[in-house]
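Source file: data.cif (mmCIF, C-alpha atoms)
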data_target
#
loop_
_atom_site.group_PDB
_atom_site.id
_atom_site.type_symbol
_atom_site.label_atom_id
_atom_site.label_comp_id
_atom_site.auth_asym_id
_atom_site.auth_seq_id
_atom_site.Cartn_x
_atom_site.Cartn_y
_atom_site.Cartn_z
ATOM 1 C CA MET U 1 -42.879 -13.162 41.594
ATOM 2 C CA PRO U 2 -41.424 -15.871 39.316
ATOM 3 C CA THR U 3 -43.729 -18.251 37.530
ATOM 4 C CA LEU U 4 -43.686 -21.955 38.293
ATOM 5 C CA LEU U 5 -41.799 -22.497 35.029
ATOM 6 C CA GLU U 6 -39.076 -20.014 36.021
ATOM 7 C CA LEU U 7 -38.617 -21.799 39.349
ATOM 8 C CA LEU U 8 -38.380 -25.155 37.600
ATOM 9 C CA GLU U 9 -35.802 -23.769 35.168
ATOM 10 C CA GLU U 10 -33.741 -22.468 38.086
ATOM 11 C CA GLU U 11 -33.948 -25.494 40.363
ATOM 12 C CA SER U 12 -34.481 -28.454 38.003
ATOM 13 C CA ALA U 13 -33.052 -27.323 34.678
ATOM 14 C CA GLU U 14 -31.761 -30.725 33.567
ATOM 15 C CA GLU U 15 -34.959 -32.601 34.358
ATOM 16 C CA LEU U 16 -37.122 -29.884 32.830
ATOM 17 C CA SER U 17 -35.039 -29.927 29.643
ATOM 18 C CA VAL U 18 -35.857 -33.628 29.264
ATOM 19 C CA ALA U 19 -39.557 -32.900 29.720
ATOM 20 C CA HIS U 20 -39.305 -30.121 27.125
ATOM 21 C CA ALA U 21 -37.572 -32.518 24.718
ATOM 22 C CA TRP U 22 -40.409 -35.025 25.084
ATOM 23 C CA SER U 23 -42.982 -32.281 24.676
ATOM 24 C CA GLU U 24 -41.378 -31.058 21.449
ATOM 25 C CA GLN U 25 -40.941 -34.560 20.038
ATOM 26 C CA LEU U 26 -44.377 -35.813 20.952
ATOM 27 C CA ALA U 27 -46.504 -32.725 20.329
ATOM 28 C CA ASP U 28 -47.608 -34.419 17.123
ATOM 29 C CA PRO U 29 -50.279 -36.981 18.172
ATOM 30 C CA GLU U 30 -48.922 -39.451 15.610
ATOM 31 C CA LEU U 31 -45.454 -39.305 17.157
ATOM 32 C CA GLY U 32 -46.998 -39.701 20.580
ATOM 33 C CA LEU U 33 -48.930 -42.701 19.343
ATOM 34 C CA SER U 34 -45.685 -44.205 18.060
ATOM 35 C CA VAL U 35 -44.350 -44.366 21.622
ATOM 36 C CA PHE U 36 -47.430 -46.214 22.824
ATOM 37 C CA LEU U 37 -47.266 -48.609 19.900
ATOM 38 C CA ALA U 38 -43.540 -49.198 20.357
ATOM 39 C CA ALA U 39 -44.250 -49.940 23.994
ATOM 40 C CA GLU U 40 -47.250 -52.118 23.041
ATOM 41 C CA ALA U 41 -49.291 -50.097 25.509
ATOM 42 C CA ALA U 42 -52.042 -48.334 23.534
ATOM 43 C CA LEU U 43 -54.702 -51.024 23.821
ATOM 44 C CA ILE U 44 -53.846 -51.911 27.408
ATOM 45 C CA LEU U 45 -54.279 -48.362 28.682
ATOM 46 C CA GLY U 46 -57.443 -47.933 26.662
ATOM 47 C CA ALA U 47 -56.069 -44.842 24.930
ATOM 48 C CA ALA U 48 -52.923 -43.520 23.295
ATOM 49 C CA ARG U 49 -52.398 -40.014 24.582
ATOM 50 C CA PHE U 50 -49.867 -38.070 26.616
ATOM 51 C CA LEU U 51 -51.558 -35.605 28.973
ATOM 52 C CA GLY U 52 -48.456 -33.652 29.960
ATOM 53 C CA PHE U 53 -44.722 -33.498 30.634
ATOM 54 C CA GLY U 54 -42.962 -31.883 33.579
ATOM 55 C CA VAL U 55 -41.121 -32.739 36.773
ATOM 56 C CA ALA U 56 -42.252 -34.783 39.768
ATOM 57 C CA PRO U 57 -40.708 -36.032 43.023
ATOM 58 C CA ALA U 58 -38.183 -38.749 42.268
ATOM 59 C CA ALA U 59 -38.358 -42.214 43.772
ATOM 60 C CA ALA U 60 -36.265 -41.441 46.867
ATOM 61 C CA ALA U 61 -38.011 -38.133 47.538
ATOM 62 C CA PHE U 62 -41.404 -39.802 47.194
ATOM 63 C CA GLU U 63 -40.724 -41.696 50.433
ATOM 64 C CA ARG U 64 -39.802 -38.485 52.223
ATOM 65 C CA GLU U 65 -41.534 -35.150 52.596
ATOM 66 C CA ALA U 66 -38.815 -33.156 50.851
ATOM 67 C CA GLY U 67 -39.776 -32.871 47.221
ATOM 68 C CA ARG U 68 -36.324 -31.384 46.530
ATOM 69 C CA GLN U 69 -35.166 -34.306 44.442
ATOM 70 C CA VAL U 70 -37.146 -34.374 41.226
ATOM 71 C CA ALA U 71 -37.299 -36.349 38.006
ATOM 72 C CA PRO U 72 -38.641 -35.702 34.517
ATOM 73 C CA SER U 73 -42.210 -36.955 34.357
ATOM 74 C CA ALA U 74 -44.719 -38.005 31.728
ATOM 75 C CA VAL U 75 -48.462 -38.166 32.402
ATOM 76 C CA VAL U 76 -50.387 -40.639 30.250
ATOM 77 C CA GLN U 77 -54.074 -41.309 29.846
ATOM 78 C CA LEU U 78 -55.593 -44.188 31.784
ATOM 79 C CA ASN U 79 -59.283 -44.959 31.354
ATOM 80 C CA ALA U 80 -59.885 -45.743 35.002
ATOM 81 C CA PRO U 81 -60.657 -43.430 37.967
ATOM 82 C CA VAL U 82 -57.282 -43.850 39.666
ATOM 83 C CA ILE U 83 -53.773 -42.364 39.613
ATOM 84 C CA VAL U 84 -50.896 -44.813 39.182
ATOM 85 C CA ARG U 85 -47.405 -43.475 39.820
ATOM 86 C CA LEU U 86 -44.336 -45.355 38.606
ATOM 87 C CA ALA U 87 -40.992 -44.217 40.048
ATOM 88 C CA GLY U 88 -37.758 -46.168 40.332
ATOM 89 C CA ARG U 89 -38.581 -49.853 40.548
ATOM 90 C CA ARG U 90 -41.894 -49.351 42.325
ATOM 91 C CA GLU U 91 -45.371 -48.222 41.455
ATOM 92 C CA ILE U 92 -47.504 -46.200 43.842
ATOM 93 C CA VAL U 93 -51.284 -46.074 43.571
ATOM 94 C CA ALA U 94 -52.154 -42.612 44.783
ATOM 95 C CA SER U 95 -55.877 -42.040 44.695
ATOM 96 C CA PRO U 96 -57.954 -43.912 45.408
ATOM 97 C CA ALA U 97 -56.015 -46.862 46.833
ATOM 98 C CA ARG U 98 -56.601 -49.907 44.691
ATOM 99 C CA ARG U 99 -54.663 -52.760 43.156
ATOM 100 C CA VAL U 100 -53.113 -52.225 39.727
ATOM 101 C CA ASP U 101 -53.426 -55.078 37.269
ATOM 102 C CA SER U 102 -50.224 -56.527 35.854
ATOM 103 C CA ASP U 103 -51.003 -55.488 32.266
ATOM 104 C CA THR U 104 -51.281 -51.815 33.218
ATOM 105 C CA ARG U 105 -48.142 -51.976 35.344
ATOM 106 C CA ASP U 106 -46.173 -53.633 32.558
ATOM 107 C CA ALA U 107 -47.454 -51.120 30.000
ATOM 108 C CA LEU U 108 -46.193 -48.212 32.111
ATOM 109 C CA PHE U 109 -42.771 -49.827 32.451
ATOM 110 C CA ARG U 110 -42.620 -50.235 28.674
ATOM 111 C CA ILE U 111 -43.658 -46.631 28.057
ATOM 112 C CA ARG U 112 -40.929 -45.457 30.429
ATOM 113 C CA ALA U 113 -38.327 -47.597 28.679
ATOM 114 C CA GLU U 114 -39.331 -46.157 25.291
ATOM 115 C CA LEU U 115 -39.139 -42.588 26.582
ATOM 116 C CA ALA U 116 -35.713 -43.240 28.091
ATOM 117 C CA ASN U 117 -34.529 -44.655 24.795
ATOM 118 C CA ARG U 118 -35.723 -41.616 22.828
ATOM 119 C CA VAL U 119 -34.113 -38.991 25.034
ATOM 120 C CA GLY U 120 -31.124 -40.980 26.298
ATOM 121 C CA TRP U 121 -32.112 -40.704 29.962
ATOM 122 C CA ASP U 122 -31.656 -43.212 32.777
ATOM 123 C CA GLU U 123 -34.906 -45.169 32.873
ATOM 124 C CA GLU U 124 -35.155 -45.401 36.655
ATOM 125 C CA ARG U 125 -34.835 -41.617 36.946
ATOM 126 C CA ILE U 126 -38.074 -41.152 34.991
ATOM 127 C CA VAL U 127 -41.484 -40.853 36.639
ATOM 128 C CA VAL U 128 -44.576 -42.011 34.738
ATOM 129 C CA ILE U 129 -48.011 -41.102 36.045
ATOM 130 C CA ALA U 130 -51.177 -42.604 34.596
ATOM 131 C CA CYS U 131 -54.568 -41.041 35.263
ATOM 132 C CA PRO U 132 -57.902 -40.386 33.561
ATOM 133 C CA PRO U 133 -58.070 -37.317 31.291
ATOM 134 C CA GLY U 134 -59.044 -34.077 32.963
ATOM 135 C CA ALA U 135 -62.023 -31.887 32.197
ATOM 136 C CA PRO U 136 -63.019 -28.352 33.174
ATOM 137 C CA GLN U 137 -64.363 -28.306 36.713
ATOM 138 C CA VAL U 138 -67.782 -26.918 35.861
ATOM 139 C CA ALA U 139 -71.352 -27.745 36.811
ATOM 140 C CA PRO U 140 -74.757 -26.003 36.694
ATOM 141 C CA GLY U 141 -75.969 -23.860 39.569
ATOM 142 C CA ASP U 142 -72.638 -22.546 40.879
ATOM 143 C CA ALA U 143 -71.446 -19.150 41.962
ATOM 144 C CA ALA U 144 -69.999 -17.729 38.718
ATOM 145 C CA HIS U 145 -72.259 -17.349 35.683
ATOM 146 C CA CYS U 146 -70.530 -15.360 32.963
ATOM 147 C CA GLY U 147 -71.923 -16.465 29.611
ATOM 148 C CA GLY U 148 -70.100 -19.801 29.537
ATOM 149 C CA GLN U 149 -69.856 -22.877 31.715
ATOM 150 C CA PRO U 150 -70.757 -22.119 35.363
ATOM 151 C CA GLY U 151 -67.817 -22.138 37.782
ATOM 152 C CA SER U 152 -66.319 -20.117 40.634
ATOM 153 C CA PHE U 153 -65.033 -16.592 41.093
ATOM 154 C CA GLY U 154 -61.375 -16.319 42.053
ATOM 155 C CA ALA U 155 -58.919 -13.653 43.109
ATOM 156 C CA ARG U 156 -59.650 -9.926 43.305
ATOM 157 C CA ILE U 157 -57.613 -7.856 40.838
ATOM 158 C CA VAL U 158 -56.947 -4.486 39.279
ATOM 159 C CA THR U 159 -57.429 -4.828 35.511
ATOM 160 C CA SER U 160 -54.914 -3.527 32.975
ATOM 161 C CA ALA U 161 -57.237 -0.526 32.542
ATOM 162 C CA GLY U 162 -56.949 0.248 36.262
ATOM 163 C CA GLN U 163 -60.450 -0.965 37.107
ATOM 164 C CA ARG U 164 -61.525 -3.027 40.104
ATOM 165 C CA GLY U 165 -62.107 -6.627 39.040
ATOM 166 C CA ILE U 166 -62.193 -10.306 39.851
ATOM 167 C CA LEU U 167 -60.898 -13.411 38.074
ATOM 168 C CA THR U 168 -62.505 -16.630 36.956
ATOM 169 C CA ALA U 169 -61.563 -19.402 34.532
ATOM 170 C CA GLY U 170 -61.583 -18.517 30.840
ATOM 171 C CA HIS U 171 -63.954 -21.338 29.941
ATOM 172 C CA VAL U 172 -66.374 -19.982 32.549
ATOM 173 C CA ALA U 173 -66.411 -16.553 30.873
ATOM 174 C CA PRO U 174 -65.541 -17.069 27.184
ATOM 175 C CA LYS U 175 -67.129 -13.917 25.694
ATOM 176 C CA ARG U 176 -65.957 -10.342 26.183
ATOM 177 C CA ALA U 177 -68.621 -7.860 27.351
ATOM 178 C CA ALA U 178 -70.846 -10.688 28.630
ATOM 179 C CA GLY U 179 -72.539 -10.083 31.963
ATOM 180 C CA ALA U 180 -71.128 -11.775 35.086
ATOM 181 C CA PHE U 181 -73.691 -12.987 37.615
ATOM 182 C CA ASP U 182 -73.503 -14.722 40.979
ATOM 183 C CA SER U 183 -75.644 -17.705 41.977
ATOM 184 C CA GLY U 184 -78.434 -15.335 43.028
ATOM 185 C CA ALA U 185 -78.609 -13.890 39.475
ATOM 186 C CA ASN U 186 -77.156 -10.578 40.697
ATOM 187 C CA LEU U 187 -75.188 -8.706 38.026
ATOM 188 C CA LEU U 188 -71.642 -8.130 39.300
ATOM 189 C CA GLY U 189 -69.995 -6.709 36.190
ATOM 190 C CA VAL U 190 -68.869 -7.593 32.675
ATOM 191 C CA VAL U 191 -66.154 -9.768 31.159
ATOM 192 C CA ALA U 192 -63.266 -7.445 30.234
ATOM 193 C CA ASP U 193 -60.763 -9.961 28.807
ATOM 194 C CA THR U 194 -60.776 -13.714 28.333
ATOM 195 C CA VAL U 195 -58.830 -16.622 26.841
ATOM 196 C CA ASN U 196 -59.381 -20.341 27.269
ATOM 197 C CA TYR U 197 -58.325 -23.770 26.031
ATOM 198 C CA ALA U 198 -61.211 -23.980 23.547
ATOM 199 C CA SER U 199 -60.278 -20.693 21.849
ATOM 200 C CA VAL U 200 -56.777 -21.712 20.705
ATOM 201 C CA PRO U 201 -55.572 -24.288 18.146
ATOM 202 C CA PRO U 202 -55.404 -27.934 19.282
ATOM 203 C CA GLY U 203 -52.376 -28.685 21.436
ATOM 204 C CA THR U 204 -51.556 -25.000 22.059
ATOM 205 C CA ALA U 205 -50.741 -24.195 25.684
ATOM 206 C CA THR U 206 -52.704 -21.213 26.996
ATOM 207 C CA PRO U 207 -53.727 -19.488 30.213
ATOM 208 C CA ASP U 208 -57.359 -20.252 31.009
ATOM 209 C CA ILE U 209 -58.376 -16.988 32.598
ATOM 210 C CA ALA U 210 -60.955 -14.198 32.402
ATOM 211 C CA THR U 211 -61.058 -10.797 34.085
ATOM 212 C CA ILE U 212 -64.410 -9.460 35.282
ATOM 213 C CA GLU U 213 -64.679 -5.680 35.640
ATOM 214 C CA LEU U 214 -66.906 -5.118 38.665
ATOM 215 C CA ALA U 215 -69.790 -2.658 38.588
ATOM 216 C CA ALA U 216 -69.477 0.418 40.797
ATOM 217 C CA HIS U 217 -72.267 -0.699 43.145
ATOM 218 C CA VAL U 218 -70.678 -4.089 43.899
ATOM 219 C CA ARG U 219 -68.895 -4.298 47.243
ATOM 220 C CA ASP U 220 -66.132 -6.844 47.795
ATOM 221 C CA ASP U 221 -63.157 -7.426 50.057
ATOM 222 C CA PRO U 222 -59.737 -8.732 48.973
ATOM 223 C CA ALA U 223 -59.224 -12.419 49.672
ATOM 224 C CA PRO U 224 -56.668 -13.299 52.393
ATOM 225 C CA GLY U 225 -53.147 -13.567 51.015
ATOM 226 C CA ALA U 226 -54.202 -12.395 47.580
ATOM 227 C CA LYS U 227 -52.092 -9.225 47.447
ATOM 228 C CA SER U 228 -48.844 -11.129 46.953
ATOM 229 C CA PRO U 229 -48.803 -13.962 44.410
ATOM 230 C CA GLY U 230 -46.893 -17.035 45.504
ATOM 231 C CA THR U 231 -45.743 -20.200 43.842
ATOM 232 C CA VAL U 232 -45.530 -23.872 44.697
ATOM 233 C CA ARG U 233 -43.048 -26.684 44.144
ATOM 234 C CA THR U 234 -43.525 -30.400 43.704
ATOM 235 C CA TRP U 235 -44.682 -32.179 46.828
ATOM 236 C CA GLN U 236 -45.802 -29.016 48.621
ATOM 237 C CA SER U 237 -49.369 -28.785 49.883
ATOM 238 C CA VAL U 238 -52.053 -26.566 48.358
ATOM 239 C CA THR U 239 -55.640 -25.787 49.361
ATOM 240 C CA ALA U 240 -58.508 -24.672 47.112
ATOM 241 C CA TYR U 241 -61.610 -22.634 47.920
ATOM 242 C CA GLY U 242 -64.359 -23.040 45.342
ATOM 243 C CA ALA U 243 -68.115 -22.759 45.024
ATOM 244 C CA LYS U 244 -68.600 -26.521 45.293
ATOM 245 C CA THR U 245 -65.579 -27.666 47.303
ATOM 246 C CA SER U 246 -63.762 -25.568 49.868
ATOM 247 C CA GLY U 247 -60.800 -26.150 52.181
ATOM 248 C CA LYS U 248 -59.499 -29.429 50.757
ATOM 249 C CA THR U 249 -55.720 -29.891 50.775
ATOM 250 C CA SER U 250 -53.386 -32.099 48.758
ATOM 251 C CA GLN U 251 -49.784 -32.197 47.617
ATOM 252 C CA ILE U 252 -48.495 -31.295 44.159
ATOM 253 C CA SER U 253 -47.596 -34.553 42.423
ATOM 254 C CA THR U 254 -46.421 -33.109 39.105
ATOM 255 C CA ALA U 255 -45.519 -29.631 37.878
ATOM 256 C CA LEU U 256 -46.203 -29.545 34.156
ATOM 257 C CA VAL U 257 -45.146 -27.535 31.132
ATOM 258 C CA SER U 258 -48.767 -27.955 30.031
ATOM 259 C CA PHE U 259 -51.658 -30.290 30.789
ATOM 260 C CA ALA U 260 -53.905 -31.625 28.044
ATOM 261 C CA GLY U 261 -57.347 -30.213 27.445
ATOM 262 C CA PRO U 262 -60.449 -32.433 27.500
ATOM 263 C CA ASN U 263 -59.786 -33.803 24.004
ATOM 264 C CA GLN U 264 -57.407 -33.532 21.063
ATOM 265 C CA ASN U 265 -59.538 -30.908 19.303
ATOM 266 C CA VAL U 266 -58.828 -28.126 21.815
ATOM 267 C CA GLY U 267 -55.839 -26.406 23.398
ATOM 268 C CA ASP U 268 -53.927 -27.311 26.550
ATOM 269 C CA PHE U 269 -53.779 -25.723 29.992
ATOM 270 C CA GLY U 270 -50.410 -23.956 30.093
ATOM 271 C CA LEU U 271 -48.049 -23.993 33.100
ATOM 272 C CA SER U 272 -50.158 -26.097 35.429
ATOM 273 C CA ALA U 273 -49.686 -28.526 38.308
ATOM 274 C CA MET U 274 -51.579 -31.695 39.182
ATOM 275 C CA THR U 275 -52.465 -32.601 42.749
ATOM 276 C CA MET U 276 -52.063 -36.005 44.351
ATOM 277 C CA ARG U 277 -55.707 -36.039 45.436
ATOM 278 C CA PRO U 278 -58.709 -33.895 44.453
ATOM 279 C CA ILE U 279 -59.107 -30.457 46.010
ATOM 280 C CA SER U 280 -61.955 -29.436 43.711
ATOM 281 C CA ALA U 281 -65.131 -30.732 42.110
ATOM 282 C CA PRO U 282 -67.214 -29.837 39.060
ATOM 283 C CA GLY U 283 -68.225 -26.222 39.597
ATOM 284 C CA ASP U 284 -64.870 -25.098 41.002
ATOM 285 C CA SER U 285 -63.160 -23.845 37.818
ATOM 286 C CA GLY U 286 -61.734 -20.431 38.690
ATOM 287 C CA ALA U 287 -61.393 -21.204 42.413
ATOM 288 C CA CYS U 288 -58.399 -19.774 44.299
ATOM 289 C CA VAL U 289 -55.584 -22.131 45.335
ATOM 290 C CA TYR U 290 -53.228 -21.256 48.219
ATOM 291 C CA ASN U 291 -49.938 -22.699 49.493
ATOM 292 C CA ASN U 292 -49.138 -23.420 53.149
ATOM 293 C CA ALA U 293 -47.889 -19.866 53.644
ATOM 294 C CA GLY U 294 -51.303 -18.540 52.638
ATOM 295 C CA ASP U 295 -50.105 -17.088 49.341
ATOM 296 C CA LEU U 296 -52.320 -17.303 46.290
ATOM 297 C CA VAL U 297 -50.549 -19.662 43.867
ATOM 298 C CA GLY U 298 -53.160 -20.269 41.166
ATOM 299 C CA HIS U 299 -56.694 -21.148 40.167
ATOM 300 C CA ILE U 300 -58.443 -24.435 39.435
ATOM 301 C CA VAL U 301 -58.801 -25.053 35.686
ATOM 302 C CA SER U 302 -59.282 -28.803 35.317
ATOM 303 C CA GLY U 303 -59.491 -32.126 37.114
ATOM 304 C CA TYR U 304 -61.147 -35.505 37.364
ATOM 305 C CA PRO U 305 -63.866 -35.874 40.029
ATOM 306 C CA GLY U 306 -62.650 -37.789 43.047
ATOM 307 C CA VAL U 307 -59.151 -38.381 41.634
ATOM 308 C CA TYR U 308 -57.095 -35.208 41.101
ATOM 309 C CA SER U 309 -57.245 -31.470 40.383
ATOM 310 C CA VAL U 310 -55.229 -29.212 38.070
ATOM 311 C CA MET U 311 -54.282 -25.668 39.076
ATOM 312 C CA GLN U 312 -52.699 -23.051 36.810
ATOM 313 C CA ASP U 313 -49.885 -20.741 37.960
ATOM 314 C CA ILE U 314 -51.193 -17.338 39.138
ATOM 315 C CA THR U 315 -48.334 -15.223 37.760
ATOM 316 C CA TYR U 316 -48.687 -16.885 34.357
ATOM 317 C CA GLN U 317 -52.403 -16.062 34.401
ATOM 318 C CA LEU U 318 -52.004 -12.452 35.537
ATOM 319 C CA GLU U 319 -49.386 -11.703 32.879
ATOM 320 C CA GLU U 320 -51.816 -12.643 30.099
ATOM 321 C CA PHE U 321 -53.846 -9.447 30.520
ATOM 322 C CA GLY U 322 -51.536 -7.294 32.635
ATOM 323 C CA ALA U 323 -53.705 -7.628 35.738
ATOM 324 C CA THR U 324 -52.440 -7.265 39.325
ATOM 325 C CA LEU U 325 -53.771 -8.615 42.602
ATOM 326 C CA ARG U 326 -55.344 -6.292 45.151
#
Show the structure stored in the file as structure tokens.
Amino acid sequence: MPTLLELLEEESAEELSVAHAWSEQLADPELGLSVFLAAEAALILGAARFLGFGVAPAAAAFEREAGRQVAPSAVVQLNAPVIVRLAGRREIVASPARRVDSDTRDALFRIRAELANRVGWDEERIVVIACPPGAPQVAPGDAAHCGGQPGSFGARIVTSAGQRGILTAGHVAPKRAAGAFDSGANLLGVVADTVNYASVPPGTATPDIATIELAAHVRDDPAPGAKSPGTVRTWQSVTAYGAKTSGKTSQISTALVSFAGPNQNVGDFGLSAMTMRPISAPGDSGACVYNNAGDLVGHIVSGYPGVYSVMQDITYQLEEFGATLR
């Protein structure tokens, strides 16, 4: 199964190359800040930070259900609990519906103009999305307790060592050999492998995933659709099933090369996608995400309560430790 990135390279190579160019140019926070300052937008948005670069539905496709026509996209930090989407000559307020003040709107137009100038791209073919910064979807008292921040258990797997296991988010289980417990304090197994955004250098894109090797006495059944990993494209619908939130559906608004971690002192969530509306809540990190066909496409790794969620590509996660679904 191809990763989300491989699909983007095949279907949207030109747009993705622009996003890559931005990502390479603006990986240095000072260079990123220069764009905000050149656009006179840093103070208006309340921050000066790019959260991610990728592809998103273009202006025409946004009015339709297709999602086949895409544009390079930049996600910027907005210190308000709302998503603002600028495409073509219009802005769309996605979630929740509220009026956008003229200063914010003008700042996004200026950021887009500066990006277009730097890469030599048609300004109206660029999508800019503003939203609050994401954070791991964790909270106390949830189903997965593995020595780190509580979250959710995800897909059932076979580990690289051939053992029966289960996945969760890396920041939920950050220490190898730590015990993994459910919400009833029952020991399910131990953390076999783990990597997460806080364990890599700042700005480094990484899978956020941990494999739990289940104890022999633990009984479990494979999740529906989990034997064959799937993938998702921009504007398709996905549904998450977590310990806190279950069965909520939204469309993919942006497929990203990486999505920023909670702050500039930690790594980024590699190969992720942001939803138009939230399908998770704090406590759902590690939760399975499915597409309309019922295929497992990823796990929840980040989000902003009540505004959006971030899922990470399942194939990208599995390849980190050589695990397979069962």
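Shortest separation to Leu214 (chain U) among U:Arg277, U:Arg164, U:Arg110, U:Arg98 occurs at residue U:Arg164, atoms counted being all atoms listed in the file.
You can rank U:Tyr241, U:Phe36, U:Phe269, U:Phe321 by their closest distance to Leu115 (chain U) using all atoms listed in the file, and at the top of that list sits U:Phe36.
Remark: for Phe53 (chain U), the closest of the candidate residues U:Val307, U:Ile252, U:Leu271, U:Leu78 is U:Leu271 (distances computed over all atoms listed in the file).
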Find the spatial neighbours of Ile83 (chain U), counting only C-alpha atoms, within a cut-off of 8 Å - ignore same-chain residues fewer than 4 positions away - and output them as an mmCIF file with C-alpha atoms, keeping the file's coordinate frame.
data_model
loop_
_atom_site.group_PDB
_atom_site.id
_atom_site.type_symbol
_atom_site.label_atom_id
_atom_site.label_comp_id
_atom_site.auth_asym_id
_atom_site.auth_seq_id
_atom_site.Cartn_x
_atom_site.Cartn_y
_atom_site.Cartn_z
ATOM 1 C CA VAL U 93 -51.284 -46.074 43.571
ATOM 2 C CA ALA U 94 -52.154 -42.612 44.783
ATOM 3 C CA SER U 95 -55.877 -42.040 44.695
ATOM 4 C CA PRO U 96 -57.954 -43.912 45.408
ATOM 5 C CA ILE U 129 -48.011 -41.102 36.045
ATOM 6 C CA ALA U 130 -51.177 -42.604 34.596
ATOM 7 C CA CYS U 131 -54.568 -41.041 35.263
ATOM 8 C CA PRO U 132 -57.902 -40.386 33.561
ATOM 9 C CA VAL U 307 -59.151 -38.381 41.634
#
Could you spell out the hits of the PyMOL selection byres ((chain U and resi 253-258) around 9) on the shown file, as an NGL selection string? :U and (4-5 or 8 or 16 or 19-20 or 23 or 51-57 or 73-75 or 129 or 204-206 or 232-236 or 250-252 or 259-260 or 268-277)
Check which residues satisfy the PyMOL selection byres ((chain U and resi 182) around 10) in the file shown, then give them as an MDAnalysis selection string. chainID U and resid 141:146 150:153 180:181 183:189
Go ahead and save the picked residues with C-alpha atoms, as a compact mmCIF listing (two decimals), in the coordinates of the input.
# COMPACT_ATOMS: atom_id res chain seq x y z
CA GLY U 141 -75.97 -23.86 39.57
CA ASP U 142 -72.64 -22.55 40.88
CA ALA U 143 -71.45 -19.15 41.96
CA ALA U 144 -70.00 -17.73 38.72
CA HIS U 145 -72.26 -17.35 35.68
CA CYS U 146 -70.53 -15.36 32.96
CA PRO U 150 -70.76 -22.12 35.36
CA GLY U 151 -67.82 -22.14 37.78
CA SER U 152 -66.32 -20.12 40.63
CA PHE U 153 -65.03 -16.59 41.09
CA ALA U 180 -71.13 -11.78 35.09
CA PHE U 181 -73.69 -12.99 37.62
CA SER U 183 -75.64 -17.70 41.98
CA GLY U 184 -78.43 -15.34 43.03
CA ALA U 185 -78.61 -13.89 39.48
CA ASN U 186 -77.16 -10.58 40.70
CA LEU U 187 -75.19 -8.71 38.03
CA LEU U 188 -71.64 -8.13 39.30
CA GLY U 189 -70.00 -6.71 36.19
